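Enquirer: Have a look at the structure that comes next, please.
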Amino acid sequence: FDIVVFPEPTILNLPPAEWPIVECLIAFSSSGFPLSKCIEYVRLRNPRCINNVEAQEVLISRVSVYRNLQEWCIPCPDHVVVDHLALASQPDCGDLVENENFIIYKGKKISKPFVEKPENGDRHDIWIYYPRSIGGGAKKLFRKVKDQASE
């Protein structure tokens with residue numbers, strides 16, 4: 001068998017119908033990767049997929065992952081999904097109440113410490129919020145660079 005590595009310009013610039021034809025495909029979504037084009041290719045050429053390309057769309061969204069965990073009755077941490085765009089457009093709507101030891105969002109209370117993560121799984125700007133009893137405040141985590149992973 002031959003291993004075919006699709007050149008980056010092919011993936012980014014050509015329609016999937018012009019990509020090389022393969023019998024087996026391994027594809028990993030990452031930032032900047034055109035996952036929708038890859039899914040189109042899989043539907044067009046029907047290669048044997050080592051990993052489920054369509055499932056990667058679900059894995060990019062933390063909200064979708066939590067939804068699937070709940071649908072499959074898999075225990076997951078207590079959480080809320082905060083719509084920051086809606087809050088920004090209506091800051092006085094009362095949906096979010098912040099306290100030094102907890103937040104309440106749409107009536108659901110989450111005690112500190114808790115972790116805030118972006119909806120997009122490719123983003124790694126994560127915040128940890130601490131209660132006053134251990135000093136309060138917040139710490140920003142990010143993808144490790146050399147020996148540093150937080151500020």
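Within each chain, counting starts at residue 1; across the structure tokens, chains are named A, B, ... in the order shown, with ligands numbered 1 upward in that order.
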According to DSSP computed on the backbone, where in stretch 32-132 of chain A is there alpha helix (DSSP H)? Give the residues as number ranges by chain.
Expert: A: 35-45, 55-60, 62-71, 84-89
Enquirer: Tell me which protein, DNA and RNA residues are within 8 Å of stretch 128-145 of chain A, counting only C-alpha atoms, leaving out same-chain ones fewer than 5 positions away, and put them as JSON, numbers by chain.
Expert: {"A": [100, 101, 102, 111, 112, 113, 114, 115, 116, 150, 151]}
Enquirer: Counting only C-alpha atoms, figure out which residue out of A:Ala88, A:Leu96, A:Pro9, A:His79 gets nearest to A:Arg62.
Expert: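 Distance minimum relative to A:Arg62 lands on A:His79.
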Enquirer: Would you work out the distance separating atom CA of A:Arg67 from atom CA of A:Val81, expressed in Å to one decimal?
Expert: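 According to the coordinates, atom CA of A:Arg67 and atom CA of A:Val81 are separated by 10.8 Å.
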Enquirer: Could you pull out all residues of stretch 48-118 of chain A with a DSSP call of strand (DSSP E) and give them as a PyMOL selection string?
Expert: chain A and resi 48-49+96-98+102-105+108-111+114-116
Enquirer: Keeping only N, CA and C atoms, write the selected residues as a tab-separated table (two decimals), in the first residue's frame.
Expert:
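Result saved to again23.tsv:
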chain	number	residue	atom	x	y	z
A	48	ARG	N	-12.44	4.04	4.11
A	48	ARG	CA	-12.52	3.48	5.46
A	48	ARG	C	-11.82	4.51	6.37
A	49	CYS	N	-12.52	4.97	7.38
A	49	CYS	CA	-11.99	6.00	8.27
A	49	CYS	C	-11.47	5.36	9.56
A	96	LEU	N	-27.27	36.80	35.20
A	96	LEU	CA	-26.02	36.45	35.86
A	96	LEU	C	-25.85	37.29	37.13
A	97	VAL	N	-25.71	36.59	38.25
A	97	VAL	CA	-25.43	37.24	39.53
A	97	VAL	C	-24.07	36.74	39.98
A	98	GLU	N	-23.15	37.69	40.22
A	98	GLU	CA	-21.80	37.33	40.65
A	98	GLU	C	-21.62	37.67	42.12
A	102	PHE	N	-19.62	32.53	44.68
A	102	PHE	CA	-20.42	31.75	43.74
A	102	PHE	C	-20.93	32.67	42.63
A	103	ILE	N	-21.49	32.04	41.59
A	103	ILE	CA	-22.29	32.77	40.60
A	103	ILE	C	-23.65	32.08	40.52
A	104	ILE	N	-24.63	32.83	40.07
A	104	ILE	CA	-25.94	32.26	39.76
A	104	ILE	C	-26.23	32.67	38.32
A	105	TYR	N	-26.46	31.68	37.47
A	105	TYR	CA	-26.80	31.97	36.08
A	105	TYR	C	-28.14	31.33	35.76
A	108	LYS	N	-29.38	28.97	38.39
A	108	LYS	CA	-28.54	27.85	38.82
A	108	LYS	C	-27.28	28.38	39.48
A	109	LYS	N	-27.04	27.92	40.70
A	109	LYS	CA	-25.90	28.39	41.48
A	109	LYS	C	-24.71	27.45	41.29
A	110	ILE	N	-23.54	28.05	41.01
A	110	ILE	CA	-22.29	27.31	40.91
A	110	ILE	C	-21.33	27.95	41.92
A	111	SER	N	-20.88	27.15	42.89
A	111	SER	CA	-19.97	27.65	43.91
A	111	SER	C	-18.53	27.65	43.40
A	114	PHE	N	-14.49	27.26	40.52
A	114	PHE	CA	-14.99	26.64	39.29
A	114	PHE	C	-14.12	27.08	38.13
A	115	VAL	N	-14.28	26.37	37.02
A	115	VAL	CA	-13.48	26.61	35.83
A	115	VAL	C	-14.38	27.14	34.73
A	116	GLU	N	-13.94	28.19	34.04
A	116	GLU	CA	-14.66	28.71	32.87
A	116	GLU	C	-13.85	28.36	31.63
Enquirer: Of the candidates A:Val82, A:Val42, A:Ile3, A:Leu14, which one gets nearest to A:Glu54 if we count only C-alpha atoms?
Expert: A:Val42
Enquirer: What does the distance from atom CA of A:Ala27 to atom CA of A:Pro75 come to in Å, to one decimal?
Expert: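 Between these atoms lies a distance of 28.8 Å.
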Enquirer: Do you know which residues are at most 8 Å from A:Cys76 counting only C-alpha atoms, after dropping those on the same chain fewer than 5 positions away, and could you put them as a VMD selection string?
Expert: chain A and resid 66 69 to 70
Enquirer: Keeping N, CA and C atoms for every residue in the selection just given, could you write it to a file as an mmCIF file, in the first residue's frame?
Expert:
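In the end it all went to out.cif:
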data_model
loop_
_atom_site.group_PDB
_atom_site.id
_atom_site.type_symbol
_atom_site.label_atom_id
_atom_site.label_comp_id
_atom_site.auth_asym_id
_atom_site.auth_seq_id
_atom_site.Cartn_x
_atom_site.Cartn_y
_atom_site.Cartn_z
ATOM 1 N N TYR A 66 -21.021 18.011 26.278
ATOM 2 C CA TYR A 66 -21.837 17.893 27.490
ATOM 3 C C TYR A 66 -23.241 17.395 27.163
ATOM 4 N N LEU A 69 -23.021 13.696 26.555
ATOM 5 C CA LEU A 69 -22.818 12.977 27.814
ATOM 6 C C LEU A 69 -24.139 12.835 28.575
ATOM 7 N N GLN A 70 -24.912 13.912 28.615
ATOM 8 C CA GLN A 70 -26.195 13.865 29.317
ATOM 9 C C GLN A 70 -27.183 12.936 28.611
#
Enquirer: Would you pick out the contacts of stretch 10-12 of chain A at 12 Å or less, using only C-alpha atoms, so that residues sharing its chain but fewer than 3 positions from it are not included, and give the list as a list in words?
Expert: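 So the residues in contact are Val5, Phe6, Pro7, Pro15, Pro16, Ala17, Glu18, Trp19, Pro20, Ala27, Gly32, Phe33, Pro34, Leu35, Ser36, Lys37, Cys38, Ile39, Glu40 and Tyr41 of chain A.
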Enquirer: Could you save those same residues with N, CA and C atoms as a PDB file, in the first residue's frame?
Expert:
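What landed in again37.pdb:
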ATOM      1  N   VAL A   5       0.004  11.597   1.712  1.00  0.00           N
ATOM      2  CA  VAL A   5      -0.173  12.770   2.568  1.00  0.00           C
ATOM      3  C   VAL A   5      -0.729  13.881   1.694  1.00  0.00           C
ATOM      4  N   PHE A   6      -1.912  14.347   2.043  1.00  0.00           N
ATOM      5  CA  PHE A   6      -2.523  15.416   1.261  1.00  0.00           C
ATOM      6  C   PHE A   6      -1.757  16.709   1.519  1.00  0.00           C
ATOM      7  N   PRO A   7      -1.252  17.351   0.495  1.00  0.00           N
ATOM      8  CA  PRO A   7      -0.544  18.628   0.704  1.00  0.00           C
ATOM      9  C   PRO A   7      -1.489  19.695   1.275  1.00  0.00           C
ATOM     10  N   PRO A  15     -11.392  21.925  -3.978  1.00  0.00           N
ATOM     11  CA  PRO A  15     -12.609  21.260  -3.496  1.00  0.00           C
ATOM     12  C   PRO A  15     -12.318  19.780  -3.241  1.00  0.00           C
ATOM     13  N   PRO A  16     -13.023  19.150  -2.319  1.00  0.00           N
ATOM     14  CA  PRO A  16     -12.775  17.743  -1.990  1.00  0.00           C
ATOM     15  C   PRO A  16     -12.831  16.789  -3.188  1.00  0.00           C
ATOM     16  N   ALA A  17     -13.594  17.117  -4.203  1.00  0.00           N
ATOM     17  CA  ALA A  17     -13.661  16.258  -5.394  1.00  0.00           C
ATOM     18  C   ALA A  17     -12.320  16.181  -6.115  1.00  0.00           C
ATOM     19  N   GLU A  18     -11.431  17.147  -5.862  1.00  0.00           N
ATOM     20  CA  GLU A  18     -10.115  17.157  -6.504  1.00  0.00           C
ATOM     21  C   GLU A  18      -9.004  16.633  -5.590  1.00  0.00           C
ATOM     22  N   TRP A  19      -9.350  16.192  -4.388  1.00  0.00           N
ATOM     23  CA  TRP A  19      -8.353  15.629  -3.486  1.00  0.00           C
ATOM     24  C   TRP A  19      -7.977  14.231  -3.975  1.00  0.00           C
ATOM     25  N   PRO A  20      -6.802  13.733  -3.615  1.00  0.00           N
ATOM     26  CA  PRO A  20      -6.418  12.369  -3.997  1.00  0.00           C
ATOM     27  C   PRO A  20      -7.438  11.348  -3.496  1.00  0.00           C
ATOM     28  N   ALA A  27      -7.777  11.510   9.681  1.00  0.00           N
ATOM     29  CA  ALA A  27      -7.833  12.974   9.662  1.00  0.00           C
ATOM     30  C   ALA A  27      -8.131  13.483  11.062  1.00  0.00           C
ATOM     31  N   GLY A  32      -7.847  25.828  12.106  1.00  0.00           N
ATOM     32  CA  GLY A  32      -7.546  26.144  10.719  1.00  0.00           C
ATOM     33  C   GLY A  32      -7.806  24.997   9.753  1.00  0.00           C
ATOM     34  N   PHE A  33      -8.061  23.800  10.264  1.00  0.00           N
ATOM     35  CA  PHE A  33      -8.332  22.647   9.405  1.00  0.00           C
ATOM     36  C   PHE A  33      -9.773  22.724   8.906  1.00  0.00           C
ATOM     37  N   PRO A  34      -9.993  22.590   7.588  1.00  0.00           N
ATOM     38  CA  PRO A  34     -11.360  22.684   7.046  1.00  0.00           C
ATOM     39  C   PRO A  34     -12.134  21.372   7.244  1.00  0.00           C
ATOM     40  N   LEU A  35     -12.603  21.160   8.463  1.00  0.00           N
ATOM     41  CA  LEU A  35     -13.286  19.913   8.804  1.00  0.00           C
ATOM     42  C   LEU A  35     -14.496  19.648   7.914  1.00  0.00           C
ATOM     43  N   SER A  36     -15.244  20.687   7.573  1.00  0.00           N
ATOM     44  CA  SER A  36     -16.428  20.495   6.719  1.00  0.00           C
ATOM     45  C   SER A  36     -16.030  19.958   5.343  1.00  0.00           C
ATOM     46  N   LYS A  37     -14.888  20.400   4.816  1.00  0.00           N
ATOM     47  CA  LYS A  37     -14.410  19.873   3.529  1.00  0.00           C
ATOM     48  C   LYS A  37     -13.995  18.411   3.673  1.00  0.00           C
ATOM     49  N   CYS A  38     -13.404  18.060   4.787  1.00  0.00           N
ATOM     50  CA  CYS A  38     -13.002  16.678   5.025  1.00  0.00           C
ATOM     51  C   CYS A  38     -14.236  15.776   5.113  1.00  0.00           C
ATOM     52  N   ILE A  39     -15.262  16.239   5.790  1.00  0.00           N
ATOM     53  CA  ILE A  39     -16.514  15.477   5.888  1.00  0.00           C
ATOM     54  C   ILE A  39     -17.124  15.314   4.499  1.00  0.00           C
ATOM     55  N   GLU A  40     -17.082  16.369   3.709  1.00  0.00           N
ATOM     56  CA  GLU A  40     -17.577  16.295   2.328  1.00  0.00           C
ATOM     57  C   GLU A  40     -16.802  15.240   1.539  1.00  0.00           C
ATOM     58  N   TYR A  41     -15.483  15.204   1.721  1.00  0.00           N
ATOM     59  CA  TYR A  41     -14.638  14.214   1.039  1.00  0.00           C
ATOM     60  C   TYR A  41     -15.037  12.793   1.438  1.00  0.00           C
TER      61      TYR A  41
END
Enquirer: List as a ChimeraX atom specification the protein and nucleic acid residues near A:Asp122, meaning an atom at most 10 Å away when only C-alpha atoms are counted, but skip any in the same chain fewer than 5 places from it.
Expert: /A:29-32,59-62
Enquirer: Next, write the just-selected residues to a file, as a tab-separated table (two decimals), in the first residue's frame, keeping N, CA and C atoms as the atom set.
Expert:
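What follows is the written file again23.tsv:
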chain	number	residue	atom	x	y	z
A	29	SER	N	-8.92	16.97	13.25
A	29	SER	CA	-9.27	18.38	13.20
A	29	SER	C	-8.37	19.17	14.12
A	30	SER	N	-7.97	20.34	13.66
A	30	SER	CA	-7.21	21.28	14.47
A	30	SER	C	-7.56	22.68	14.00
A	31	SER	N	-7.08	23.66	14.70
A	31	SER	CA	-7.37	25.04	14.35
A	31	SER	C	-6.94	25.32	12.92
A	32	GLY	N	-7.85	25.83	12.11
A	32	GLY	CA	-7.55	26.14	10.72
A	32	GLY	C	-7.81	25.00	9.75
A	59	LEU	N	-16.90	17.07	18.92
A	59	LEU	CA	-15.84	17.24	19.91
A	59	LEU	C	-15.28	18.66	19.96
A	60	ILE	N	-15.44	19.43	18.90
A	60	ILE	CA	-14.96	20.81	18.90
A	60	ILE	C	-15.79	21.67	19.85
A	61	SER	N	-17.07	21.33	19.99
A	61	SER	CA	-17.97	22.13	20.82
A	61	SER	C	-18.11	21.50	22.20
A	62	ARG	N	-17.65	22.20	23.22
A	62	ARG	CA	-17.81	21.69	24.59
A	62	ARG	C	-19.28	21.55	24.95
Enquirer: Of the residues A:Val4, A:Phe28, A:Lys106, A:Gln90, which is the one nearest to A:Gln56, using only C-alpha atoms?
Expert: A:Phe28
Enquirer: One decimal, in Å: what's the spacing between atom CA of A:Gly94 and atom CA of A:Gly107?
Expert: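 About the pair atom CA of A:Gly94 and atom CA of A:Gly107: they are 9.6 Å apart.
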